[in-house]
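A short write-up of the structure that comes next.
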Amino acid sequence: MAYVLGFFAADGYMTVNKRGGQFWCIQINDKELLKQIKTVIESDHKISIKTKKRVHLSYRIQIGSVEMCDDLRQLGYNERKTYSLSIPNIPNNCFNDFVRGYFDGDGNVWTGYVHKERETKLLAIQTVFTSCSEKFLNSLKFKLDAFDINKGVLSKGRGNYYRLTYSINNSLKLYDFMYNSLGTSRLFLKRKKGVFEKYIKMRL
């Protein structure tokens with residue numbers, strides 16, 4: 001569930017309708033991952049398809065549950081979590097699942113050559129977490145420091161968001177933390193994990 005909580009922190013939201021009904025939702029582009037999340041939370045709710053002009057298909061699961069919404073609020077989430085996002089109090093042995101879930105929702109990994117003008121180019125990898133909440137990324141940085149994943153650089157993006165960036169050595173530590181030490185969850189986006197693995201193979 002820590003992975004689902006991390007993914008919800010990135011790409012989920014809660015709503016309360018005019019009748020007082022309470023819902024929490026996750027909307028993503030990867031249908032297979034959403035099906036796996038649905039299995040983990042033991043839901044029989046339908047996955048709906050969302051379409052917009054000139055935008056790829058996305059898939060959504062919406063669950064009506066006052067109890068589950070109250071649980072999310074107790075963990076620090078609310079209907080306006082974009083700017084008030086916080087890291088919930090979860091056991092250390094589940095924190096890698098939470099980080100992987102958040103990374104799959106609001107993270108990115110890039111690999112390529114830098115210093116191309118030099119005689120010897122450098123094959124690099126960079127891992128980035130994004131959020132509209134500077135406080136959240138500061139907390140994430142502090143927590144990752146405790147797992148010896150350090151030297152993260154927190155910066156303001158061009159829009160109304162912040163970036164927490166890790167370079168080569170700590171990106172590899174993040175890979176090991178998120179994937180080689182899988183905790184209670186086996187969930188992950190294959191394409192993002194694949195970028196790390198492509199980089200590792202290219203270094204050999």
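In the structure tokens, chains take letters A, B, ... by order of appearance, with residues numbered from 1 within each chain and ligands from 1 in the order shown.
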### Task
Taking the DSSP assignment computed from this structure's backbone, write out as a PyMOL selection string all residues of region 12-132 of chain A that belong to strand (DSSP E or B).
chain A and resi 12-16+22-28+47-52+55-64+107-114+122-131
Store the residues of this selection in a file with N, CA and C atoms, as a compact mmCIF listing (two decimals), in the first residue's frame.
```txt
# COMPACT_ATOMS: atom_id res chain seq x y z
N GLY A 12 -2.87 11.51 -7.55
CA GLY A 12 -4.21 11.25 -7.05
C GLY A 12 -4.88 12.50 -6.53
N TYR A 13 -6.17 12.40 -6.28
CA TYR A 13 -6.90 13.54 -5.72
C TYR A 13 -8.17 13.05 -5.04
N MET A 14 -8.70 13.88 -4.16
CA MET A 14 -9.96 13.59 -3.48
C MET A 14 -11.00 14.64 -3.86
N THR A 15 -12.25 14.21 -3.92
CA THR A 15 -13.34 15.14 -4.22
C THR A 15 -14.51 14.86 -3.29
N VAL A 16 -15.28 15.90 -3.03
CA VAL A 16 -16.53 15.78 -2.28
C VAL A 16 -17.61 16.42 -3.12
N GLN A 22 -17.91 11.24 -0.90
CA GLN A 22 -16.47 11.44 -0.91
C GLN A 22 -15.78 10.39 -1.77
N PHE A 23 -14.86 10.84 -2.60
CA PHE A 23 -14.20 9.96 -3.55
C PHE A 23 -12.70 10.24 -3.57
N TRP A 24 -11.92 9.20 -3.79
CA TRP A 24 -10.50 9.40 -4.08
C TRP A 24 -10.21 8.72 -5.40
N CYS A 25 -9.33 9.34 -6.17
CA CYS A 25 -9.12 8.91 -7.55
C CYS A 25 -7.63 8.88 -7.89
N ILE A 26 -7.31 8.00 -8.81
CA ILE A 26 -5.98 7.99 -9.43
C ILE A 26 -6.19 7.95 -10.93
N GLN A 27 -5.49 8.81 -11.65
CA GLN A 27 -5.60 8.88 -13.11
C GLN A 27 -4.20 8.85 -13.71
N ILE A 28 -3.93 7.85 -14.56
CA ILE A 28 -2.61 7.69 -15.16
C ILE A 28 -2.75 7.23 -16.60
N ILE A 47 -12.43 0.70 -14.22
CA ILE A 47 -11.43 1.64 -14.74
C ILE A 47 -12.04 2.35 -15.94
N SER A 48 -12.11 3.66 -15.87
CA SER A 48 -12.71 4.43 -16.96
C SER A 48 -11.61 5.04 -17.83
N ILE A 49 -11.98 5.37 -19.05
CA ILE A 49 -11.05 5.96 -20.01
C ILE A 49 -11.35 7.45 -20.13
N LYS A 50 -10.31 8.25 -20.01
CA LYS A 50 -10.45 9.69 -20.14
C LYS A 50 -9.73 10.14 -21.42
N THR A 51 -10.41 10.92 -22.23
CA THR A 51 -9.79 11.39 -23.47
C THR A 51 -9.92 12.91 -23.58
N LYS A 52 -8.89 13.52 -24.16
CA LYS A 52 -8.90 14.94 -24.47
C LYS A 52 -8.27 15.12 -25.85
N VAL A 55 -4.32 14.72 -26.76
CA VAL A 55 -3.67 14.18 -25.57
C VAL A 55 -3.85 12.66 -25.57
N HIS A 56 -2.83 11.94 -25.12
CA HIS A 56 -2.92 10.49 -25.07
C HIS A 56 -4.05 10.05 -24.13
N LEU A 57 -4.53 8.85 -24.35
CA LEU A 57 -5.54 8.29 -23.47
C LEU A 57 -5.00 8.20 -22.04
N SER A 58 -5.87 8.42 -21.08
CA SER A 58 -5.51 8.17 -19.70
C SER A 58 -6.62 7.34 -19.07
N TYR A 59 -6.29 6.71 -17.95
CA TYR A 59 -7.22 5.80 -17.30
C TYR A 59 -7.39 6.22 -15.85
N ARG A 60 -8.63 6.06 -15.36
CA ARG A 60 -8.92 6.54 -14.01
C ARG A 60 -9.72 5.50 -13.23
N ILE A 61 -9.38 5.41 -11.96
CA ILE A 61 -10.21 4.64 -11.04
C ILE A 61 -10.67 5.60 -9.95
N GLN A 62 -11.97 5.60 -9.69
CA GLN A 62 -12.56 6.50 -8.70
C GLN A 62 -13.30 5.66 -7.67
N ILE A 63 -12.95 5.83 -6.41
CA ILE A 63 -13.49 5.00 -5.34
C ILE A 63 -14.22 5.88 -4.33
N GLY A 64 -15.48 5.59 -4.13
CA GLY A 64 -16.28 6.31 -3.15
C GLY A 64 -16.19 5.65 -1.79
N GLY A 107 8.00 11.75 -11.04
CA GLY A 107 9.45 11.70 -11.16
C GLY A 107 9.87 11.45 -12.59
N ASN A 108 11.15 11.64 -12.85
CA ASN A 108 11.67 11.43 -14.19
C ASN A 108 13.13 11.01 -14.10
N VAL A 109 13.57 10.21 -15.05
CA VAL A 109 14.96 9.83 -15.12
C VAL A 109 15.45 10.03 -16.55
N TRP A 110 16.64 10.62 -16.67
CA TRP A 110 17.22 10.93 -17.98
C TRP A 110 18.62 10.36 -18.06
N THR A 111 18.99 9.87 -19.21
CA THR A 111 20.36 9.42 -19.42
C THR A 111 20.84 9.86 -20.79
N GLY A 112 22.12 10.20 -20.88
CA GLY A 112 22.70 10.65 -22.14
C GLY A 112 24.12 11.13 -21.91
N TYR A 113 24.74 11.61 -22.96
CA TYR A 113 26.12 12.08 -22.87
C TYR A 113 26.16 13.59 -22.58
N VAL A 114 27.06 13.95 -21.68
CA VAL A 114 27.31 15.37 -21.39
C VAL A 114 28.77 15.68 -21.70
N LEU A 122 31.01 12.17 -21.24
CA LEU A 122 30.60 11.50 -20.00
C LEU A 122 29.17 10.99 -20.16
N LEU A 123 29.01 9.69 -19.97
CA LEU A 123 27.67 9.11 -19.96
C LEU A 123 27.04 9.35 -18.59
N ALA A 124 25.97 10.10 -18.56
CA ALA A 124 25.39 10.53 -17.29
C ALA A 124 23.96 10.05 -17.12
N ILE A 125 23.52 10.08 -15.88
CA ILE A 125 22.12 9.80 -15.56
C ILE A 125 21.69 10.80 -14.50
N GLN A 126 20.44 11.23 -14.59
CA GLN A 126 19.91 12.22 -13.66
C GLN A 126 18.49 11.83 -13.27
N THR A 127 18.22 11.86 -11.99
CA THR A 127 16.90 11.51 -11.48
C THR A 127 16.26 12.74 -10.85
N VAL A 128 15.00 13.00 -11.17
CA VAL A 128 14.33 14.21 -10.71
C VAL A 128 12.96 13.88 -10.11
N PHE A 129 12.67 14.45 -8.97
CA PHE A 129 11.33 14.44 -8.38
C PHE A 129 10.77 15.86 -8.51
N THR A 130 9.51 16.00 -8.87
CA THR A 130 8.91 17.32 -8.98
C THR A 130 7.69 17.42 -8.08
N SER A 131 7.40 18.65 -7.65
CA SER A 131 6.24 18.91 -6.81
C SER A 131 5.98 20.41 -6.76
```
### Picked from chain A by DSSP as alpha helix (DSSP H), as a count of residues only
78
### Message
Between A:Leu75, A:Met68, A:Leu33, A:Ala9, which residue has the minimum interatomic distance to Ile90 (chain A), considering only C-alpha atoms?
### Response
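Distance minimum relative to Ile90 (chain A) lands on A:Leu75.
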### Query
Near Leu174 (chain A), counting only C-alpha atoms, which residues have an atom at most 7 Å away, once you skip same-chain residues fewer than 4 positions from it, shown as a PyMOL selection string?
chain A and resi 149+170+178
Export, as a PDB file, in the first residue's frame, the selected residues with N, CA, C and O atoms.
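What follows is the written file out_14.pdb:
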```
ATOM      1  N   ILE A 149      21.253   8.375   0.496  1.00  0.00           N
ATOM      2  CA  ILE A 149      21.001   8.911  -0.849  1.00  0.00           C
ATOM      3  C   ILE A 149      21.010  10.421  -0.680  1.00  0.00           C
ATOM      4  O   ILE A 149      20.035  11.008  -0.221  1.00  0.00           O
ATOM      5  N   ASN A 170      24.193   9.108  -6.914  1.00  0.00           N
ATOM      6  CA  ASN A 170      22.994   8.970  -6.091  1.00  0.00           C
ATOM      7  C   ASN A 170      21.779   8.527  -6.887  1.00  0.00           C
ATOM      8  O   ASN A 170      20.831   7.974  -6.323  1.00  0.00           O
ATOM      9  N   MET A 178      14.998   1.780  -4.866  1.00  0.00           N
ATOM     10  CA  MET A 178      13.619   1.632  -5.339  1.00  0.00           C
ATOM     11  C   MET A 178      13.329   0.259  -5.927  1.00  0.00           C
ATOM     12  O   MET A 178      12.199  -0.232  -5.814  1.00  0.00           O
TER      13      MET A 178
END
```
### Message
Ranking A:Pro91, A:Gly194, A:Gly152, A:Gly6 by minimum distance to Ile37 (chain A) and counting only C-alpha atoms, which one comes first?
### Response
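Between A:Pro91, A:Gly194, A:Gly152, A:Gly6, the residue approaching Ile37 (chain A) most closely is A:Gly6.
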### Contacts of Ser86 (chain A) within 9 Å, only C-alpha atoms, excl. fewer than 5 positions in-chain, as a list in words
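Near Ser86 (chain A), the qualifying residues are Ala9, Leu75, Gly76, Tyr77, Lys81, Ser133, Lys135, Phe136, Leu137, Ser139 and Leu140 of chain A.
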#### Entry: Long-range neighbours of Phe98 (chain A) as a PyMOL selection string, 12 Å cut-off, only C-alpha atoms, 2 positions minimum in chain
chain A and resi 1-10+87-96+100-105+140+143-144+177-179+182-188
### Query
Which of these residues is nearest to Tyr161 (chain A), using only C-alpha atoms: A:Asp148, A:Asp11, A:Glu79, A:Glu134?
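Of A:Asp148, A:Asp11, A:Glu79, A:Glu134, the one nearest Tyr161 (chain A), counting only C-alpha atoms, is A:Glu134.
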### Message
Just to confirm, what's the straight-line distance from CA of Asn169 (chain A) to CA of Ile200 (chain A) in Å (one decimal)?
### Response
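Those two atoms sit 11.5 Å apart.
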